[in-house]
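Peer 1: Structure below; questions to follow.
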Amino acid sequence: MATSLEKVVGLARKNSLWPLPFATSCCGIEFMATMGSHYDLGRFGAERVGFSPRQCDLLMVMGTIAKKMGPVLRQVYLQMAEPRWVMAVGACASSGGIFDSYSVLQGIDQIIPVDVYVPGCPPRPEGILDGILKVQELVHNESLRRRHSAEYKSLLEGYGID
Amino acid sequence: MALTNDTIKTRLTQKFGEALTQWEEPFGMLSFTAPKDLNLKVLQFLFDDDELKFRFLTDLQAVHYPNDKGRELAVVYHLHNLVDNVRIRFKVFTDIENPDVFSATALYQSANWMERETYDFYGVNFIGHPNLIRVLNVDEMDYFPMRKQYPLEDQSRVDKDDEMFGR
């Protein structure tokens, strides 16, 4: 149950998300188009992309993640400060995509918890914007105590993060 | 006078004689097979000779022929003569029980990572390689994935059943 303080904080957070683009392949190019002036991610407040996990709220994983890249992605996620959200953009990040192979990680949710999945190969910029809107909805309605709750702790433990 | 495939073949047979076999010219590129103990000698000869001048190693790869008992793994070298713009290919065959081949890293620096990749995917052991460890796959992988007996698909998935995906 969200108090009005939580709503205000949620409103502030959602309109100033700082994304961390973890762009690996083609979906990264679609993200570049989304950041461009035609589709403009900046109008949602996510203008300032950072490449340092310490400063960012939203980890956007865009592209194929190989099994060798898995530990690197996990390290980046662990370096982010709470509250943090993860968006898996594209089929490869969500489930391995068309690359059902010995070298491709079949979805990043095998190593980190994901909040929003954007399907597509690659998703159109409108699709990525839709994903951002869904993340904004999650951010707005999140309780301030969520990150300290037992449920969240057990979610992280499920991934081996403590 | 341009360097032709016939000239290359004549020079090579003058030096190595009957050791080099299976001369072919698919799409105009001369291709032959050498016994595996001669691979460095052939590479060195092609490098040093002032008429042949094959001084660029374009590619070093392997092929797995599971039905050719005794000659399952072929290591393929692609060389390029940059001055006359001529390419050549030669193969050495080795059996899968003892896949030892001499490493070309002393002659070509580029062979370093290419041989590591060949080891990673096919298991070819390059003798004399300075650092023969996996390069593209995860270090904990315990098999050689490009060998024909291993499937392409990730075996840890439980949601893709054969009925839906027609495998």
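Identifiers in the structure tokens: chain A, B, ... in order shown; residue index from 1 per chain; ligand index from 1 in order shown.
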Using only C-alpha atoms and a cut-off of 8 Å, which residues of chain B sit close to chain A? Please list them as a tab-separated table (two decimals) with N, CA and C atoms, in the first residue's frame.
Peer 2:
```tsv
chain	number	residue	atom	x	y	z
B	136	LEU	N	37.83	-18.90	-26.71
B	136	LEU	CA	36.49	-18.35	-26.92
B	136	LEU	C	35.46	-18.96	-25.99
B	137	ASN	N	35.65	-20.20	-25.57
B	137	ASN	CA	34.67	-20.83	-24.69
B	137	ASN	C	35.02	-20.59	-23.24
B	138	VAL	N	34.07	-20.90	-22.35
B	138	VAL	CA	34.34	-20.73	-20.92
B	138	VAL	C	35.43	-21.71	-20.50
B	145	PRO	N	33.56	-28.54	-28.51
B	145	PRO	CA	32.21	-28.46	-29.07
B	145	PRO	C	32.05	-28.61	-30.57
B	152	LEU	N	24.55	-28.88	-31.42
B	152	LEU	CA	24.72	-27.43	-31.35
B	152	LEU	C	23.99	-26.84	-30.15
B	153	GLU	N	22.82	-27.42	-29.85
B	153	GLU	CA	21.94	-26.78	-28.88
B	153	GLU	C	22.46	-26.89	-27.46
B	154	ASP	N	22.08	-25.93	-26.67
B	154	ASP	CA	22.40	-25.92	-25.25
B	154	ASP	C	21.59	-27.03	-24.58
B	155	GLN	N	22.27	-27.95	-23.91
B	155	GLN	CA	21.56	-29.10	-23.37
B	155	GLN	C	20.89	-28.83	-22.04
B	157	ARG	N	18.59	-26.60	-21.43
B	157	ARG	CA	17.21	-26.10	-21.53
B	157	ARG	C	16.23	-27.23	-21.32
```
Peer 1: Mind the document's chain letters and residue numbers, and return as a list of chain:residue names the residues of segment 87-155 of chain A that DSSP labels strand (DSSP E).
Peer 2: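 Restricting segment 87-155 of chain A to strand (DSSP E) produces A:Met87, A:Ala88, A:Val89, A:Val116, A:Tyr117, A:Val118.
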Peer 1: Neighbours of Phe102 of chain B within 8 Å (only C-alpha atoms; same-chain residues fewer than 2 positions away dropped), as number ranges by chain?
Peer 2: B: 36-37, 39-40, 100, 104, 126-128
Peer 1: Save the residues we just selected, C-alpha atoms, as a PDB file, in the first residue's frame?
Peer 2:
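Okay, this is what ended up in selection.pdb:
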```
ATOM      1  CA  LYS B  36      51.808 -33.901 -40.246  1.00  0.00           C
ATOM      2  CA  ASP B  37      55.508 -34.085 -39.309  1.00  0.00           C
ATOM      3  CA  ASN B  39      53.989 -29.148 -41.685  1.00  0.00           C
ATOM      4  CA  LEU B  40      56.589 -26.734 -40.295  1.00  0.00           C
ATOM      5  CA  ASP B 100      49.454 -33.635 -31.959  1.00  0.00           C
ATOM      6  CA  ALA B 104      53.404 -22.578 -36.310  1.00  0.00           C
ATOM      7  CA  PHE B 126      49.773 -27.930 -30.837  1.00  0.00           C
ATOM      8  CA  ILE B 127      53.252 -28.920 -29.719  1.00  0.00           C
ATOM      9  CA  GLY B 128      55.400 -25.937 -28.892  1.00  0.00           C
TER      10      GLY B 128
END
```
Peer 1: I'd like the interatomic distance between atom CA of Pro122 of chain A and atom CA of Leu20 of chain A, to a tenth of an Å.
Peer 2: 18.5 Å
Peer 1: Please identify all polymer residues within 9 Å of Val135 of chain A, counting only C-alpha atoms, omitting same-chain residues fewer than 2 positions from it, and present them as a ChimeraX atom specification.
Peer 2: /A:14,58,85-87,115-116,130-133,137-140
Peer 1: Write the residues of the preceding selection, restricted to N, CA and C atoms, as a PDB file, in the first residue's frame.
Peer 2:
```pdb
ATOM      1  N   LYS A  14      10.878   7.728 -11.140  1.00  0.00           N
ATOM      2  CA  LYS A  14      10.548   7.195 -12.458  1.00  0.00           C
ATOM      3  C   LYS A  14      10.845   8.199 -13.549  1.00  0.00           C
ATOM      4  N   LEU A  58      18.932   1.743 -13.889  1.00  0.00           N
ATOM      5  CA  LEU A  58      18.316   0.743 -14.748  1.00  0.00           C
ATOM      6  C   LEU A  58      19.377   0.089 -15.621  1.00  0.00           C
ATOM      7  N   TRP A  85      16.916  -1.666 -11.230  1.00  0.00           N
ATOM      8  CA  TRP A  85      15.998  -2.438 -12.042  1.00  0.00           C
ATOM      9  C   TRP A  85      16.763  -2.982 -13.240  1.00  0.00           C
ATOM     10  N   VAL A  86      16.289  -4.092 -13.795  1.00  0.00           N
ATOM     11  CA  VAL A  86      16.959  -4.695 -14.942  1.00  0.00           C
ATOM     12  C   VAL A  86      15.938  -4.874 -16.044  1.00  0.00           C
ATOM     13  N   MET A  87      16.330  -4.485 -17.263  1.00  0.00           N
ATOM     14  CA  MET A  87      15.457  -4.676 -18.409  1.00  0.00           C
ATOM     15  C   MET A  87      16.197  -5.525 -19.425  1.00  0.00           C
ATOM     16  N   ASP A 115      13.445  -7.425 -14.374  1.00  0.00           N
ATOM     17  CA  ASP A 115      12.125  -6.840 -14.104  1.00  0.00           C
ATOM     18  C   ASP A 115      11.242  -6.801 -15.333  1.00  0.00           C
ATOM     19  N   VAL A 116      11.791  -6.347 -16.440  1.00  0.00           N
ATOM     20  CA  VAL A 116      10.977  -6.203 -17.656  1.00  0.00           C
ATOM     21  C   VAL A 116      11.701  -6.885 -18.812  1.00  0.00           C
ATOM     22  N   ASP A 130       8.207   1.221 -24.817  1.00  0.00           N
ATOM     23  CA  ASP A 130       7.155   0.553 -24.051  1.00  0.00           C
ATOM     24  C   ASP A 130       7.749  -0.134 -22.822  1.00  0.00           C
ATOM     25  N   GLY A 131       8.922  -0.758 -23.017  1.00  0.00           N
ATOM     26  CA  GLY A 131       9.604  -1.378 -21.884  1.00  0.00           C
ATOM     27  C   GLY A 131       9.971  -0.357 -20.824  1.00  0.00           C
ATOM     28  N   ILE A 132      10.447   0.808 -21.270  1.00  0.00           N
ATOM     29  CA  ILE A 132      10.794   1.871 -20.317  1.00  0.00           C
ATOM     30  C   ILE A 132       9.548   2.327 -19.566  1.00  0.00           C
ATOM     31  N   LEU A 133       8.432   2.431 -20.275  1.00  0.00           N
ATOM     32  CA  LEU A 133       7.191   2.848 -19.606  1.00  0.00           C
ATOM     33  C   LEU A 133       6.782   1.839 -18.546  1.00  0.00           C
ATOM     34  N   GLU A 137       6.385   2.307 -14.542  1.00  0.00           N
ATOM     35  CA  GLU A 137       5.224   1.899 -13.737  1.00  0.00           C
ATOM     36  C   GLU A 137       5.679   1.146 -12.487  1.00  0.00           C
ATOM     37  N   LEU A 138       6.645   0.244 -12.684  1.00  0.00           N
ATOM     38  CA  LEU A 138       7.160  -0.519 -11.546  1.00  0.00           C
ATOM     39  C   LEU A 138       7.830   0.403 -10.537  1.00  0.00           C
ATOM     40  N   VAL A 139       8.569   1.375 -11.065  1.00  0.00           N
ATOM     41  CA  VAL A 139       9.302   2.285 -10.181  1.00  0.00           C
ATOM     42  C   VAL A 139       8.329   3.132  -9.364  1.00  0.00           C
ATOM     43  N   HIS A 140       7.260   3.559 -10.059  1.00  0.00           N
ATOM     44  CA  HIS A 140       6.299   4.433  -9.381  1.00  0.00           C
ATOM     45  C   HIS A 140       5.587   3.715  -8.246  1.00  0.00           C
TER      46      HIS A 140
END
```
Peer 1: If we count only C-alpha atoms, what is near Arg55 of chain B at a cut-off of 8 Å, once residues fewer than 6 positions away on the same chain are taken out, given as a PyMOL selection string?
Peer 2: chain B and resi 46-47+79-82
Peer 1: Between B:Phe16, B:Phe93, B:Asn131, B:Tyr143, which has the minimum distance to Phe45 of chain B (counting only C-alpha atoms)?
Peer 2: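 The closest residue to Phe45 of chain B is B:Phe16.
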Peer 1: With distances taken over only C-alpha atoms, which residue among B:Lys148, B:Asp95, B:Met114, B:Asp84 lies nearest Val135 of chain B?
Peer 2: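 Under the stated criterion, the closest residue is B:Met114.
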Peer 1: Quick one: residues within 12 Å of Arg43 of chain A, only C-alpha atoms counted, chain neighbours fewer than 6 positions away excluded, as a list of chain:residue names?
Peer 2: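 These residues fall inside the cut-off: A:Asn15, A:Ser16, A:Leu17, A:Thr34, A:Met35, A:Gly36, A:Ser37, A:Leu129, A:Ile132, A:Leu133.
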Peer 1: Could you save the residues just selected, with C-alpha atoms, as a CSV table (one decimal), in the first residue's frame?
Peer 2:
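And here's selection_2.csv as it stands now:
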```csv
chain,number,residue,atom,x,y,z
A,15,ASN,CA,11.0,10.5,-14.3
A,16,SER,CA,14.7,10.5,-13.8
A,17,LEU,CA,15.9,7.0,-14.4
A,34,THR,CA,15.8,5.1,-29.3
A,35,MET,CA,18.2,7.6,-27.8
A,36,GLY,CA,18.2,9.6,-31.0
A,37,SER,CA,16.0,12.5,-31.6
A,129,LEU,CA,10.1,2.8,-25.1
A,132,ILE,CA,10.8,1.9,-20.3
A,133,LEU,CA,7.2,2.8,-19.6
```
Peer 1: Check segment 30-128 of chain B with DSSP on the backbone and list each residue it calls alpha helix (DSSP H), as a short mmCIF file (atom, residue, chain, number, x, y, z; two decimals) with C-alpha atoms, in the first residue's frame.
Peer 2:
```cif
data_model
loop_
_atom_site.label_atom_id
_atom_site.label_comp_id
_atom_site.auth_asym_id
_atom_site.auth_seq_id
_atom_site.Cartn_x
_atom_site.Cartn_y
_atom_site.Cartn_z
CA ASN B 39 53.99 -29.15 -41.69
CA LEU B 40 56.59 -26.73 -40.30
CA LYS B 41 59.08 -27.60 -43.05
CA VAL B 42 56.48 -26.87 -45.72
CA LEU B 43 55.51 -23.59 -44.04
CA GLN B 44 59.15 -22.56 -43.71
CA PHE B 45 59.91 -23.43 -47.32
CA LEU B 46 56.92 -21.47 -48.59
CA PHE B 47 58.03 -18.53 -46.42
CA ASP B 48 61.72 -18.48 -47.27
CA ALA B 111 49.02 -18.60 -35.46
CA ASN B 112 48.99 -18.08 -31.69
CA TRP B 113 45.31 -17.28 -31.25
CA MET B 114 44.21 -19.29 -34.27
CA GLU B 115 45.77 -22.41 -32.77
CA ARG B 116 44.18 -21.66 -29.41
CA GLU B 117 40.80 -21.46 -31.13
CA THR B 118 41.48 -24.74 -32.96
CA TYR B 119 42.41 -26.36 -29.66
CA ASP B 120 39.33 -24.91 -27.96
CA PHE B 121 36.88 -26.24 -30.55
CA TYR B 122 38.50 -29.43 -31.88
#
```
Peer 1: List the spatial neighbours of Pro21 of chain A as a short mmCIF file (atom, residue, chain, number, x, y, z; two decimals) with N, CA and C atoms, in the first residue's frame - criterion: any atom at most 12 Å away, only C-alpha atoms, same-chain residues fewer than 3 positions off excluded.
Peer 2:
```
data_model
loop_
_atom_site.label_atom_id
_atom_site.label_comp_id
_atom_site.auth_asym_id
_atom_site.auth_seq_id
_atom_site.Cartn_x
_atom_site.Cartn_y
_atom_site.Cartn_z
N TRP A 18 18.27 6.72 -14.59
CA TRP A 18 19.54 6.79 -15.29
C TRP A 18 19.85 5.39 -15.81
N THR A 24 25.25 -5.20 -26.36
CA THR A 24 26.18 -6.16 -26.90
C THR A 24 26.06 -6.28 -28.42
N SER A 25 24.81 -6.44 -28.90
CA SER A 25 24.66 -6.64 -30.36
C SER A 25 23.65 -5.68 -30.98
N CYS A 27 20.50 -5.24 -30.76
CA CYS A 27 19.55 -4.48 -29.93
C CYS A 27 20.18 -3.19 -29.45
N GLY A 28 21.52 -3.18 -29.31
CA GLY A 28 22.20 -1.96 -28.92
C GLY A 28 22.04 -0.88 -29.96
N ILE A 29 22.01 -1.29 -31.23
CA ILE A 29 21.82 -0.31 -32.30
C ILE A 29 20.41 0.27 -32.24
N GLU A 30 19.43 -0.61 -31.94
CA GLU A 30 18.06 -0.11 -31.80
C GLU A 30 17.96 0.85 -30.63
N PHE A 31 18.75 0.59 -29.59
CA PHE A 31 18.75 1.50 -28.45
C PHE A 31 19.34 2.83 -28.85
N MET A 32 20.39 2.79 -29.69
CA MET A 32 20.98 4.05 -30.17
C MET A 32 19.93 4.86 -30.91
N THR A 34 16.76 4.64 -30.33
CA THR A 34 15.79 5.11 -29.34
C THR A 34 16.31 6.36 -28.64
N MET A 35 17.62 6.42 -28.45
CA MET A 35 18.18 7.61 -27.81
C MET A 35 18.26 8.80 -28.75
N ALA A 46 15.05 9.76 -19.13
CA ALA A 46 16.23 8.89 -19.14
C ALA A 46 17.25 9.43 -20.12
N GLU A 47 17.48 10.71 -20.03
CA GLU A 47 18.40 11.37 -20.95
C GLU A 47 19.84 11.01 -20.67
N ARG A 48 20.17 10.99 -19.38
CA ARG A 48 21.56 10.85 -18.97
C ARG A 48 21.88 9.36 -18.81
N VAL A 49 22.43 8.79 -19.85
CA VAL A 49 22.88 7.40 -19.70
C VAL A 49 24.24 7.40 -19.06
N GLY A 50 24.45 6.46 -18.14
CA GLY A 50 25.76 6.39 -17.51
C GLY A 50 26.37 5.06 -17.85
N PHE A 51 27.67 4.99 -17.87
CA PHE A 51 28.30 3.71 -18.13
C PHE A 51 28.99 3.19 -16.89
N SER A 52 28.70 3.86 -15.77
CA SER A 52 29.23 3.37 -14.52
C SER A 52 28.09 2.77 -13.73
N PRO A 53 28.19 1.50 -13.35
CA PRO A 53 27.08 0.89 -12.61
C PRO A 53 26.84 1.54 -11.26
N CYS A 56 24.01 4.26 -11.76
CA CYS A 56 22.81 4.05 -12.57
C CYS A 56 21.72 3.26 -11.87
N ASP A 57 20.48 3.48 -12.34
CA ASP A 57 19.34 2.78 -11.76
C ASP A 57 18.92 1.59 -12.57
N LEU A 58 18.93 1.74 -13.89
CA LEU A 58 18.32 0.74 -14.75
C LEU A 58 19.38 0.09 -15.62
N LEU A 59 19.57 -1.20 -15.44
CA LEU A 59 20.51 -1.94 -16.28
C LEU A 59 19.76 -2.47 -17.48
N MET A 60 20.09 -1.95 -18.66
CA MET A 60 19.41 -2.43 -19.86
C MET A 60 20.36 -3.37 -20.57
N VAL A 61 20.02 -4.64 -20.61
CA VAL A 61 20.88 -5.61 -21.27
C VAL A 61 20.34 -5.80 -22.68
N MET A 62 21.12 -5.36 -23.66
CA MET A 62 20.62 -5.37 -25.03
C MET A 62 21.56 -6.17 -25.89
N GLY A 63 21.18 -7.37 -26.22
CA GLY A 63 22.03 -8.14 -27.11
C GLY A 63 22.32 -9.53 -26.57
N LEU A 73 28.60 -9.72 -16.70
CA LEU A 73 27.29 -9.07 -16.53
C LEU A 73 26.87 -9.12 -15.07
N VAL A 76 28.72 -6.53 -13.13
CA VAL A 76 28.16 -5.19 -13.34
C VAL A 76 26.89 -5.02 -12.52
N TYR A 77 26.04 -6.05 -12.52
CA TYR A 77 24.79 -5.97 -11.74
C TYR A 77 25.10 -5.82 -10.25
N VAL A 86 16.29 -4.09 -13.79
CA VAL A 86 16.96 -4.70 -14.94
C VAL A 86 15.94 -4.87 -16.04
N MET A 87 16.33 -4.48 -17.26
CA MET A 87 15.46 -4.68 -18.41
C MET A 87 16.20 -5.53 -19.42
N ALA A 88 15.60 -6.62 -19.83
CA ALA A 88 16.20 -7.46 -20.85
C ALA A 88 15.59 -7.09 -22.19
N VAL A 89 16.40 -6.49 -23.05
CA VAL A 89 15.88 -6.02 -24.33
C VAL A 89 16.22 -7.05 -25.41
#
```
Peer 1: Between A:Ser143, A:Val118, A:Pro123, A:Ile111, which has the minimum distance to Tyr159 of chain A (counting only C-alpha atoms)?
Peer 2: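 Closest to Tyr159 of chain A of all the choices is A:Ile111.
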Peer 1: To one decimal in Å, tell me the separation between atom CA of Met146 of chain B and atom CA of Thr64 of chain A.
Peer 2: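 The value is 20.1 Å.
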Peer 1: So how many Å separate atom CA of Leu38 of chain B and atom CA of Val86 of chain B, to one decimal?
Peer 2: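 Atom CA of Leu38 of chain B sits 22.1 Å away from atom CA of Val86 of chain B.
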Peer 1: So, counting only C-alpha atoms, which residue among A:Arg54, A:Asp40, A:Arg124, A:Arg145 is closest to Ala81 of chain A?
Peer 2: A:Arg54
